[in-house]
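Undergrad: Attaching a single structure in structure tokens format; questions to follow.
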Amino acid sequence: MSSHHHHESSPGHYSELNYSPGAKWIKGLTQNRLGTFLGGHFSDVNLSSVLFTHRLDNAKHVKLEVWSAPGLTKPTFEEAMEQKFKPAKKGDSFGPSWTNHWWKVSVTIPEYWEQYERVQFEFDPGCEAMIYDVDGTPLQGITGGFGGDRRVEYIIPIEARMKGTHEFIIESSCNGMFGVPWNGDTIAPPDMNRYFALSSADLVVPNQEAWHLLWDFSTLREIIDSLPGNSSLQNKALVVANEIMNTFRSGDASDIRRCRKLAETVFGENWQDKGEAIYEGDKQAQIWGIGHCHIDTAWLWPYRVTQQKVARSWATQIDLMERYPEHRFSCSQAQQYKWLKELYPPLFDRVKEQVLARKFHPVGGSWVENDSNMPSGEALVRQFVFGQKFFMENFGFRCETAWLPDSFGLTGAYPQLIRGAGMKYFFTQKLSCNVFPHSSFNWVGIDGTQVLCHMTPVDTYTAQASVGDIQKGLTNHKNLESSDTSLLVFGNGDGGGGPLAKMLENLRRIRATNNHSRDLPPINMGHSVDEFFEHLMESTAAGKKLPNWFVQMCLSHASFHRGTYTSHGSIKKGNRHSEILLRDVEVCTTANTYSCSLIHYTYPKGKIDECWEKVLLNQLLPGSAIGMVYEDAEKLYAEVAKDGKSLIEEAFQVLFPNSVLLTPETKLQPNTSLNQIIGYNTTFLDRREIVKIPLDGASAGLKTAVAQVDNNNKVGYAIMDNGVLDASIANGLDLHASAYTNGSNHFVLRNSSVQLTISNGRITSLVDVQLHRELIADGATGGLVIFEDRPNYWDAWDVEIHHLETPTALEFTDISVVAHGPLRASVQAQVKYGKSTIKVLISLDAVGATVKPGSRSMFRFDADVDWRERHQFLKFELPLNIHNDNAYYETQFGYVQRPTHKNTTWDMAKFEVCGHKYADLSEYGYGLAILSESKYGFSCQGNILRISLLRAATAPDAEQDQGEHKFSWAVMPHKGYFLESDVPMAAYLFNSPLHVRYLPGDKDAIAASFTNHPSFAIRGAPNVFLETIKRGEYDDFDTSPSNGDSSTTIIARLYEAFGGHARVTVAIGDHFSGRVVRAVITNLLEDEEEDEEVQILDENDLGPVLKLDFHGFEVKTLKLTLQEKASIRTQRTSQKIKKV
């Protein structure tokens, strides 16, 4: 019997004896070991020790000079180059916060460095910076510090290395990517006195092969940390990473080559030689990568810093595109493109070149990435009109994908507006905070219009292009039964930066891996967002395989950012008032287009656009930015108010020559007559309301219209009926208003329609006099109430549900009757709380809220507040004797219903919601609305209807809302259910002051002409509203209408406001007689469709007539083409002269 003992064996031979301990590992220890391969305690011997071959920072090789711009100025490149620079060195400090410093850098490169693959200059100022060439062209951004967004290297061009010297310019700005929070907490108010040290200004030779090993190892670690432990690829990556650490001994070139060869067992042999071709054949990939750089147009930094962030970030992306041909970059916000064009023309030219090469992709189609809860419907339209127009004029095309990744909720009006702006795709992301139930779906708006929507399962628009991100794109996808493709939107964002080289390197390695392993979903690159949506459309049978989501999408489904409807009240007021002002500007200036004026008038399109751009820019409305942002916004709103009022005054001087705005201080000429005071109504609604008239100089005829005078007998009260003073009130009033008191603690405002009682400082009764119905719940009181407001973290953003557990009812004090009627009855009251004083004037007029028969009068509350609280929330509430499971809130171009109960967590979460001009609680037969002229926060919990008035957060603005505030709201009872009511009409009028004009001299004929013959009268459908009248966007405004034949277009935007069908008659007005040659329905961008022409019917005494059909919440844009020959103009002018 023989025995065979083999002490050595070949790889294919299985030995008989085994004395080894075996290859079993302790996987966790091996995995933990990987963290020691880079940096840390072993940085002198691990991979970090060989990342750079040479480093020089001496004066012989690096020369620095600096000039610090004075204060917070932001000089241009040309201005900076004219200044006197002084020597600087590494280690110097610069500041304070927000200041800008310019550097001239000259480097001398050793001759023997020509042998190396790359030479770069490492500049780390600890803050943000921009590198320019000596001619002023921005080359790339710099992000100092040691965060994940660090980019401090500038690659020296090869020609400069050959030359041996290189000069360039750097602008450093003393702020970080997220501003300068004073205590390191991102949302803390800024530290206005921070200084930054120049920690690096070195000429270096990177060991490129070592850097590639670093990226190899990083990808392997991500595979190990992200994939399940029982997967083949995860274990293989761990084995390879461990072997790399064992192979890396001295760290010399041969070690690094062997280590990289080991990595190829995961990535594939010679994978790197393929370069961008690694992505070939990728159309069926599940993950579509697109670079992005979300830059909040203002947040923890002001607008002027955003302008710098845009230039830095986009220059960096152009640089990366040249180095990584597969890189595609999507970027929204036409305003940011315009800033680039104006402030950095050479860089804009480079961007445009890449746009036309289809590598740099404009998306969004809007002016900014605006808030979408609070802007008006027309403002949202203008966001698209201005955005799409900019992209078309500068790049020759419009965007196809709407893009709002960071909005705190999305109005249900958006799908219709997106489609109307020439887009059918929509990308958003913020709502992933809600654990939203869909990833790819059809979003159906309030009118039934749908848009194809994708909310990336990666759950971020600032992905780091990691293996975990790729995995999440599939494992977190909520609609895999319909579609398994996801958009990976990667790159540093919010504060800018965008993708980094390490992200693109990582994605190449991930793709190399999944070219032969299906443990990772395949990713593609080199495509656009539009192509992703086209693929999604095709693969889901044009969306038919996808689920639908109806109406609004809002963060309040979870527990996020409800406080933004109220934070920074002055900004909300500036927005609403500016929107209304610009609507009135366009109505008045357009009226001059079709008026019979003898005065030459050029439509001020440029000035109007300038105002609109400021308003659109400011529609970053949540109130969650630092104070500097709102200082800038307030200035812009002030400019809009000044210019808007000036434009209206110029228009009125054409419509009513020599007229003046009538105020109680206006000096009337002796014997001013009734017809010399008129009201110009910029709305489509008939109106009847109380106006104040100075009495000095009033004729006897004028005084017949005055039924009430003030305590000084200087100002009278009169009723203006559709722009004309009503002299018939001398014969009696239908609704006689009065105010009376028992002397101290009981006050009543009453007319024959409604009655309100204040007792012991609270509203104890609100009665419909005609129906004898009490509207305040039994035993309850209404009025001002204040709550503790201490969010769990996001101070200016959030209000938590538990704030409702801390109410303090506030009592009116020092109440007095200041107007007894019969046209207006008023009481003045005040509330003192803490350090704050709240003065409120409560008024009741002798007219209904609208001219609708049976319309009840409203109670108007005008508040003057000195607000000095911290973390307190002021509201006004009414506990009503009304029950409904839902309340109604105005949204853009319609309304939404929201629950008043707490059946589900999503219902509970709607304890604070967004509304525009009204919130209403109704039941069969009766209801009550609260109207707002500048507030957006409302709630209805059970039977308690509230409007939110003021907050007092301290982060990120330590002084939020501190100081003086003036605002108004109104309480409007109404007979009938909401859908039967005139609430939307009353709210529209409440926000639209009548323009009362005084016409010195004999202007009666002119007054009668314009007040008795309105343009664009809407008849036959009270549910259709006329929102806008303006000139056509593409008219030639440089052509004088007096030179030969001219063609002009007028745009009217209408919408259905109640959610039903309508057939409306639009009587254009006798000013248009014989002048309308074509009428057509267009999209929002005013593009005409062949089958959308509208028949112009026979003219009547109101001019040409059109018939339009609407479905619920539909928005229509009507374009009228006017043509007028000189002969017609001469005839009409002659008629006007005779008439006058």
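So you can find residues: chains in the structure tokens are A, B, ... in the order shown, residues in each start at 1, and ligands are numbered from 1 in order.
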Find the residues around stretch 486-500 of chain A up to 9 Å (only C-alpha atoms counted), leave out those fewer than 6 positions away in its own chain, and share them as a ChimeraX atom specification.

TA: /A:141-143,148-151,176-179,286-297,299-301,306,309-310,312-314,316-317,320,329-330,406,439-440,454-458,460-465,469-470,473-474,477,523,529,532

Undergrad: Contacts of A:Ile1051 at 8 Å or less, counting only C-alpha atoms, minus same-chain residues fewer than 3 places along, as an mmCIF file with all heavy atoms, in the first residue's frame?

TA:
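Saved as out.cif:
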```
data_model
loop_
_atom_site.group_PDB
_atom_site.id
_atom_site.type_symbol
_atom_site.label_atom_id
_atom_site.label_comp_id
_atom_site.auth_asym_id
_atom_site.auth_seq_id
_atom_site.Cartn_x
_atom_site.Cartn_y
_atom_site.Cartn_z
ATOM 1 N N THR A 1028 -56.236 90.026 -17.293
ATOM 2 C CA THR A 1028 -55.161 90.840 -17.868
ATOM 3 C C THR A 1028 -55.600 91.466 -19.174
ATOM 4 O O THR A 1028 -56.249 90.807 -19.986
ATOM 5 C CB THR A 1028 -53.911 89.967 -18.123
ATOM 6 O OG1 THR A 1028 -53.461 89.425 -16.885
ATOM 7 C CG2 THR A 1028 -52.787 90.771 -18.752
ATOM 8 N N ILE A 1029 -55.222 92.732 -19.361
ATOM 9 C CA ILE A 1029 -55.276 93.373 -20.671
ATOM 10 C C ILE A 1029 -53.921 94.010 -20.898
ATOM 11 O O ILE A 1029 -53.439 94.778 -20.062
ATOM 12 C CB ILE A 1029 -56.376 94.449 -20.749
ATOM 13 C CG1 ILE A 1029 -57.755 93.837 -20.477
ATOM 14 C CG2 ILE A 1029 -56.370 95.128 -22.111
ATOM 15 C CD1 ILE A 1029 -58.859 94.868 -20.399
ATOM 16 N N LYS A 1030 -53.278 93.684 -22.001
ATOM 17 C CA LYS A 1030 -51.942 94.186 -22.278
ATOM 18 C C LYS A 1030 -51.723 94.243 -23.779
ATOM 19 O O LYS A 1030 -52.512 93.705 -24.554
ATOM 20 C CB LYS A 1030 -50.879 93.283 -21.628
ATOM 21 C CG LYS A 1030 -50.900 91.856 -22.168
ATOM 22 C CD LYS A 1030 -49.903 90.942 -21.479
ATOM 23 C CE LYS A 1030 -48.500 91.126 -21.990
ATOM 24 N NZ LYS A 1030 -48.310 90.576 -23.351
ATOM 25 N N ARG A 1031 -50.656 94.860 -24.179
ATOM 26 C CA ARG A 1031 -50.255 94.828 -25.576
ATOM 27 C C ARG A 1031 -49.588 93.494 -25.897
ATOM 28 O O ARG A 1031 -49.014 92.825 -25.027
ATOM 29 C CB ARG A 1031 -49.287 95.980 -25.874
ATOM 30 C CG ARG A 1031 -49.964 97.335 -25.971
ATOM 31 C CD ARG A 1031 -50.752 97.493 -27.268
ATOM 32 N NE ARG A 1031 -49.880 97.366 -28.423
ATOM 33 C CZ ARG A 1031 -49.169 98.369 -28.945
ATOM 34 N NH1 ARG A 1031 -49.238 99.578 -28.417
ATOM 35 N NH2 ARG A 1031 -48.411 98.160 -29.999
ATOM 36 N N GLY A 1032 -49.631 93.121 -27.170
ATOM 37 C CA GLY A 1032 -48.998 91.885 -27.605
ATOM 38 C C GLY A 1032 -47.508 91.894 -27.342
ATOM 39 O O GLY A 1032 -46.830 92.918 -27.500
ATOM 40 N N THR A 1117 -56.159 82.802 -23.493
ATOM 41 C CA THR A 1117 -55.465 84.018 -23.912
ATOM 42 C C THR A 1117 -56.027 84.434 -25.266
ATOM 43 O O THR A 1117 -55.929 83.693 -26.242
ATOM 44 C CB THR A 1117 -53.952 83.784 -24.009
ATOM 45 O OG1 THR A 1117 -53.467 83.351 -22.728
ATOM 46 C CG2 THR A 1117 -53.232 85.068 -24.402
ATOM 47 N N LEU A 1118 -56.639 85.601 -25.291
ATOM 48 C CA LEU A 1118 -57.280 86.127 -26.486
ATOM 49 C C LEU A 1118 -56.399 87.213 -27.097
ATOM 50 O O LEU A 1118 -56.012 88.150 -26.413
ATOM 51 C CB LEU A 1118 -58.653 86.707 -26.129
ATOM 52 C CG LEU A 1118 -59.430 87.441 -27.223
ATOM 53 C CD1 LEU A 1118 -59.838 86.471 -28.332
ATOM 54 C CD2 LEU A 1118 -60.664 88.124 -26.620
ATOM 55 N N LYS A 1119 -56.087 87.048 -28.366
ATOM 56 C CA LYS A 1119 -55.289 88.062 -29.071
ATOM 57 C C LYS A 1119 -56.167 88.751 -30.113
ATOM 58 O O LYS A 1119 -56.765 88.090 -30.973
ATOM 59 C CB LYS A 1119 -54.073 87.434 -29.749
ATOM 60 C CG LYS A 1119 -53.219 88.462 -30.515
ATOM 61 C CD LYS A 1119 -52.195 87.807 -31.436
ATOM 62 C CE LYS A 1119 -51.037 87.224 -30.673
ATOM 63 N NZ LYS A 1119 -49.961 86.748 -31.612
ATOM 64 N N LEU A 1120 -56.224 90.065 -30.032
ATOM 65 C CA LEU A 1120 -56.947 90.882 -31.000
ATOM 66 C C LEU A 1120 -55.941 91.626 -31.861
ATOM 67 O O LEU A 1120 -55.013 92.247 -31.330
ATOM 68 C CB LEU A 1120 -57.855 91.894 -30.300
ATOM 69 C CG LEU A 1120 -58.899 91.342 -29.328
ATOM 70 C CD1 LEU A 1120 -59.671 92.490 -28.702
ATOM 71 C CD2 LEU A 1120 -59.842 90.374 -30.024
#
```

Undergrad: From the set A:Ser68, A:Asn943, A:Thr219, A:Asn18, which residue has the shortest atom-to-atom contact distance to A:Gln83, counting only C-alpha atoms?

TA: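 Checking each candidate against A:Gln83, we get A:Ser68 as the closest.
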
Undergrad: Contacts of A:Arg328 at 8 Å or less, counting only C-alpha atoms, minus same-chain residues fewer than 3 places along, as a list in words?

TA: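 Final neighbour list, sorted by chain and number: Ile290, Gly291, Met321, Lys359, Phe360, His361, Met525, Gly526, His527 and Ser528 of chain A.
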
Undergrad: Keeping only N, CA and C atoms, write those residues as a PDB file, in the first residue's frame.

TA:
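Result saved to selection00.pdb:
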```
ATOM      1  N   ILE A 290     -27.528  63.492 -15.211  1.00  0.00           N
ATOM      2  CA  ILE A 290     -27.467  64.848 -15.759  1.00  0.00           C
ATOM      3  C   ILE A 290     -26.877  65.766 -14.699  1.00  0.00           C
ATOM      4  N   GLY A 291     -25.843  66.499 -15.068  1.00  0.00           N
ATOM      5  CA  GLY A 291     -25.243  67.447 -14.146  1.00  0.00           C
ATOM      6  C   GLY A 291     -26.158  68.636 -13.906  1.00  0.00           C
ATOM      7  N   MET A 321     -16.733  70.113 -19.219  1.00  0.00           N
ATOM      8  CA  MET A 321     -17.191  69.608 -20.517  1.00  0.00           C
ATOM      9  C   MET A 321     -16.035  69.399 -21.478  1.00  0.00           C
ATOM     10  N   LYS A 359     -24.712  70.649 -25.160  1.00  0.00           N
ATOM     11  CA  LYS A 359     -24.079  70.110 -23.956  1.00  0.00           C
ATOM     12  C   LYS A 359     -24.526  70.843 -22.696  1.00  0.00           C
ATOM     13  N   PHE A 360     -24.774  72.120 -22.823  1.00  0.00           N
ATOM     14  CA  PHE A 360     -25.252  72.965 -21.727  1.00  0.00           C
ATOM     15  C   PHE A 360     -26.740  73.190 -22.013  1.00  0.00           C
ATOM     16  N   HIS A 361     -27.617  72.670 -21.127  1.00  0.00           N
ATOM     17  CA  HIS A 361     -29.032  72.589 -21.447  1.00  0.00           C
ATOM     18  C   HIS A 361     -29.866  73.548 -20.615  1.00  0.00           C
ATOM     19  N   MET A 525     -24.908  58.522 -19.666  1.00  0.00           N
ATOM     20  CA  MET A 525     -24.521  59.937 -19.647  1.00  0.00           C
ATOM     21  C   MET A 525     -24.571  60.440 -21.085  1.00  0.00           C
ATOM     22  N   GLY A 526     -24.475  61.747 -21.216  1.00  0.00           N
ATOM     23  CA  GLY A 526     -24.411  62.331 -22.548  1.00  0.00           C
ATOM     24  C   GLY A 526     -25.761  62.665 -23.140  1.00  0.00           C
ATOM     25  N   HIS A 527     -26.823  62.617 -22.321  1.00  0.00           N
ATOM     26  CA  HIS A 527     -28.161  62.912 -22.813  1.00  0.00           C
ATOM     27  C   HIS A 527     -28.743  64.103 -22.053  1.00  0.00           C
ATOM     28  N   SER A 528     -29.872  64.570 -22.513  1.00  0.00           N
ATOM     29  CA  SER A 528     -30.514  65.727 -21.906  1.00  0.00           C
ATOM     30  C   SER A 528     -31.715  65.297 -21.075  1.00  0.00           C
TER      31      SER A 528
END
```

Undergrad: Name the residues in contact with A:Phe121 at a cut-off of 6 Å, using only C-alpha atoms, excluding same-chain residues fewer than 3 positions from it; report them as a ChimeraX atom specification.

TA: /A:153-154,202-203

Undergrad: What is the atom CA of A:Phe408-atom CA of A:Gln892 distance in Å, reported with one decimal?

TA: 15.5 Å

Undergrad: Just asking: which residues within stretch 422-541 of chain A are strand (DSSP E or B) according to DSSP, as a PyMOL selection string?

TA: chain A and resi 425-428+440-444+450-454+463+486-490+492+494-495+498+523-524

Undergrad: Neighbouring residues of A:Lys163 were defined as those with any atom within 12 Å, considering only C-alpha atoms; residues of the same chain fewer than 2 positions away were excluded. Please report them as a PDB file with N, CA and C atoms, in the first residue's frame.

TA:
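Printed below is around-v5.pdb as written:
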```pdb
ATOM      1  N   VAL A 107       3.108  82.769 -11.856  1.00  0.00           N
ATOM      2  CA  VAL A 107       3.842  81.577 -11.445  1.00  0.00           C
ATOM      3  C   VAL A 107       4.962  81.287 -12.435  1.00  0.00           C
ATOM      4  N   THR A 108       6.071  80.793 -11.902  1.00  0.00           N
ATOM      5  CA  THR A 108       7.210  80.358 -12.709  1.00  0.00           C
ATOM      6  C   THR A 108       7.350  78.855 -12.540  1.00  0.00           C
ATOM      7  N   ILE A 109       7.287  78.126 -13.623  1.00  0.00           N
ATOM      8  CA  ILE A 109       7.218  76.673 -13.600  1.00  0.00           C
ATOM      9  C   ILE A 109       8.595  76.092 -13.906  1.00  0.00           C
ATOM     10  N   PRO A 110       9.127  75.278 -13.004  1.00  0.00           N
ATOM     11  CA  PRO A 110      10.449  74.676 -13.261  1.00  0.00           C
ATOM     12  C   PRO A 110      10.461  73.919 -14.589  1.00  0.00           C
ATOM     13  N   GLU A 111      11.578  74.017 -15.273  1.00  0.00           N
ATOM     14  CA  GLU A 111      11.675  73.433 -16.607  1.00  0.00           C
ATOM     15  C   GLU A 111      11.480  71.921 -16.571  1.00  0.00           C
ATOM     16  N   TRP A 113       9.542  70.223 -14.935  1.00  0.00           N
ATOM     17  CA  TRP A 113       8.150  69.801 -14.734  1.00  0.00           C
ATOM     18  C   TRP A 113       7.453  69.498 -16.063  1.00  0.00           C
ATOM     19  N   GLU A 114       8.117  69.767 -17.164  1.00  0.00           N
ATOM     20  CA  GLU A 114       7.512  69.458 -18.458  1.00  0.00           C
ATOM     21  C   GLU A 114       7.226  67.957 -18.599  1.00  0.00           C
ATOM     22  N   ILE A 156      -2.851  74.335 -15.020  1.00  0.00           N
ATOM     23  CA  ILE A 156      -2.061  75.254 -15.839  1.00  0.00           C
ATOM     24  C   ILE A 156      -2.088  74.774 -17.288  1.00  0.00           C
ATOM     25  N   PRO A 157      -2.448  75.640 -18.238  1.00  0.00           N
ATOM     26  CA  PRO A 157      -2.483  75.211 -19.644  1.00  0.00           C
ATOM     27  C   PRO A 157      -1.125  74.695 -20.114  1.00  0.00           C
ATOM     28  N   ILE A 158      -1.150  73.733 -21.033  1.00  0.00           N
ATOM     29  CA  ILE A 158       0.092  73.119 -21.516  1.00  0.00           C
ATOM     30  C   ILE A 158       1.025  74.145 -22.131  1.00  0.00           C
ATOM     31  N   GLU A 159       0.465  75.090 -22.901  1.00  0.00           N
ATOM     32  CA  GLU A 159       1.320  76.089 -23.545  1.00  0.00           C
ATOM     33  C   GLU A 159       2.032  76.962 -22.513  1.00  0.00           C
ATOM     34  N   ALA A 160       1.400  77.202 -21.379  1.00  0.00           N
ATOM     35  CA  ALA A 160       2.055  77.987 -20.324  1.00  0.00           C
ATOM     36  C   ALA A 160       3.162  77.181 -19.674  1.00  0.00           C
ATOM     37  N   ARG A 161       2.938  75.887 -19.517  1.00  0.00           N
ATOM     38  CA  ARG A 161       3.987  75.039 -18.947  1.00  0.00           C
ATOM     39  C   ARG A 161       5.213  75.026 -19.855  1.00  0.00           C
ATOM     40  N   THR A 165       6.173  80.276 -17.676  1.00  0.00           N
ATOM     41  CA  THR A 165       5.533  81.275 -16.822  1.00  0.00           C
ATOM     42  C   THR A 165       4.048  81.358 -17.175  1.00  0.00           C
ATOM     43  N   HIS A 166       3.274  81.800 -16.208  1.00  0.00           N
ATOM     44  CA  HIS A 166       1.836  81.938 -16.440  1.00  0.00           C
ATOM     45  C   HIS A 166       1.283  83.000 -15.493  1.00  0.00           C
ATOM     46  N   GLU A 167       0.436  83.846 -16.033  1.00  0.00           N
ATOM     47  CA  GLU A 167      -0.216  84.881 -15.236  1.00  0.00           C
ATOM     48  C   GLU A 167      -1.723  84.747 -15.358  1.00  0.00           C
TER      49      GLU A 167
END
```

Undergrad: At a cut-off of 9 Å, using only C-alpha atoms, what residues contact A:Val840? Leave out same-chain residues fewer than 5 positions from it and give the result as a count of residues only.

TA: 11

Undergrad: For A:Thr590, which residue among A:Val152, A:Leu655, A:Ile690, A:Ala727 is the nearest when counting only C-alpha atoms?

TA: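 Looking only at the distances to A:Thr590, the closest residue turns out to be A:Leu655.
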
Undergrad: Quick one, how far is atom CA of A:Arg946 from atom CA of A:Leu880?

TA: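 Calculated distance between atom CA of A:Arg946 and atom CA of A:Leu880 is 10.6 Å.
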
Undergrad: I'd like to know which of A:Ser15, A:Thr704, A:Thr513, A:Asn618 is closest to A:Lys635, using only C-alpha atoms.

TA: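 Closest to A:Lys635 of all the choices is A:Asn618.
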
Undergrad: Please extract the residues of stretch 472-721 of chain A with a backbone DSSP assignment of helix (DSSP H, G or I) and present them as a VMD selection string.

TA: chain A and resid 472 to 475 501 to 514 529 to 539 555 to 557 562 to 565 569 to 594 605 to 617 627 to 655 674 to 676 700 to 703

Undergrad: Looking at A:Leu56, A:Ile244, A:Ala591, A:Val204, which one is nearest to A:Val119, with distances taken over only C-alpha atoms?

TA: A:Val204

Undergrad: Quote the spacing between atom CA of A:Ala1017 and atom CA of A:Thr683 in Å to one decimal place.

TA: 9.7 Å
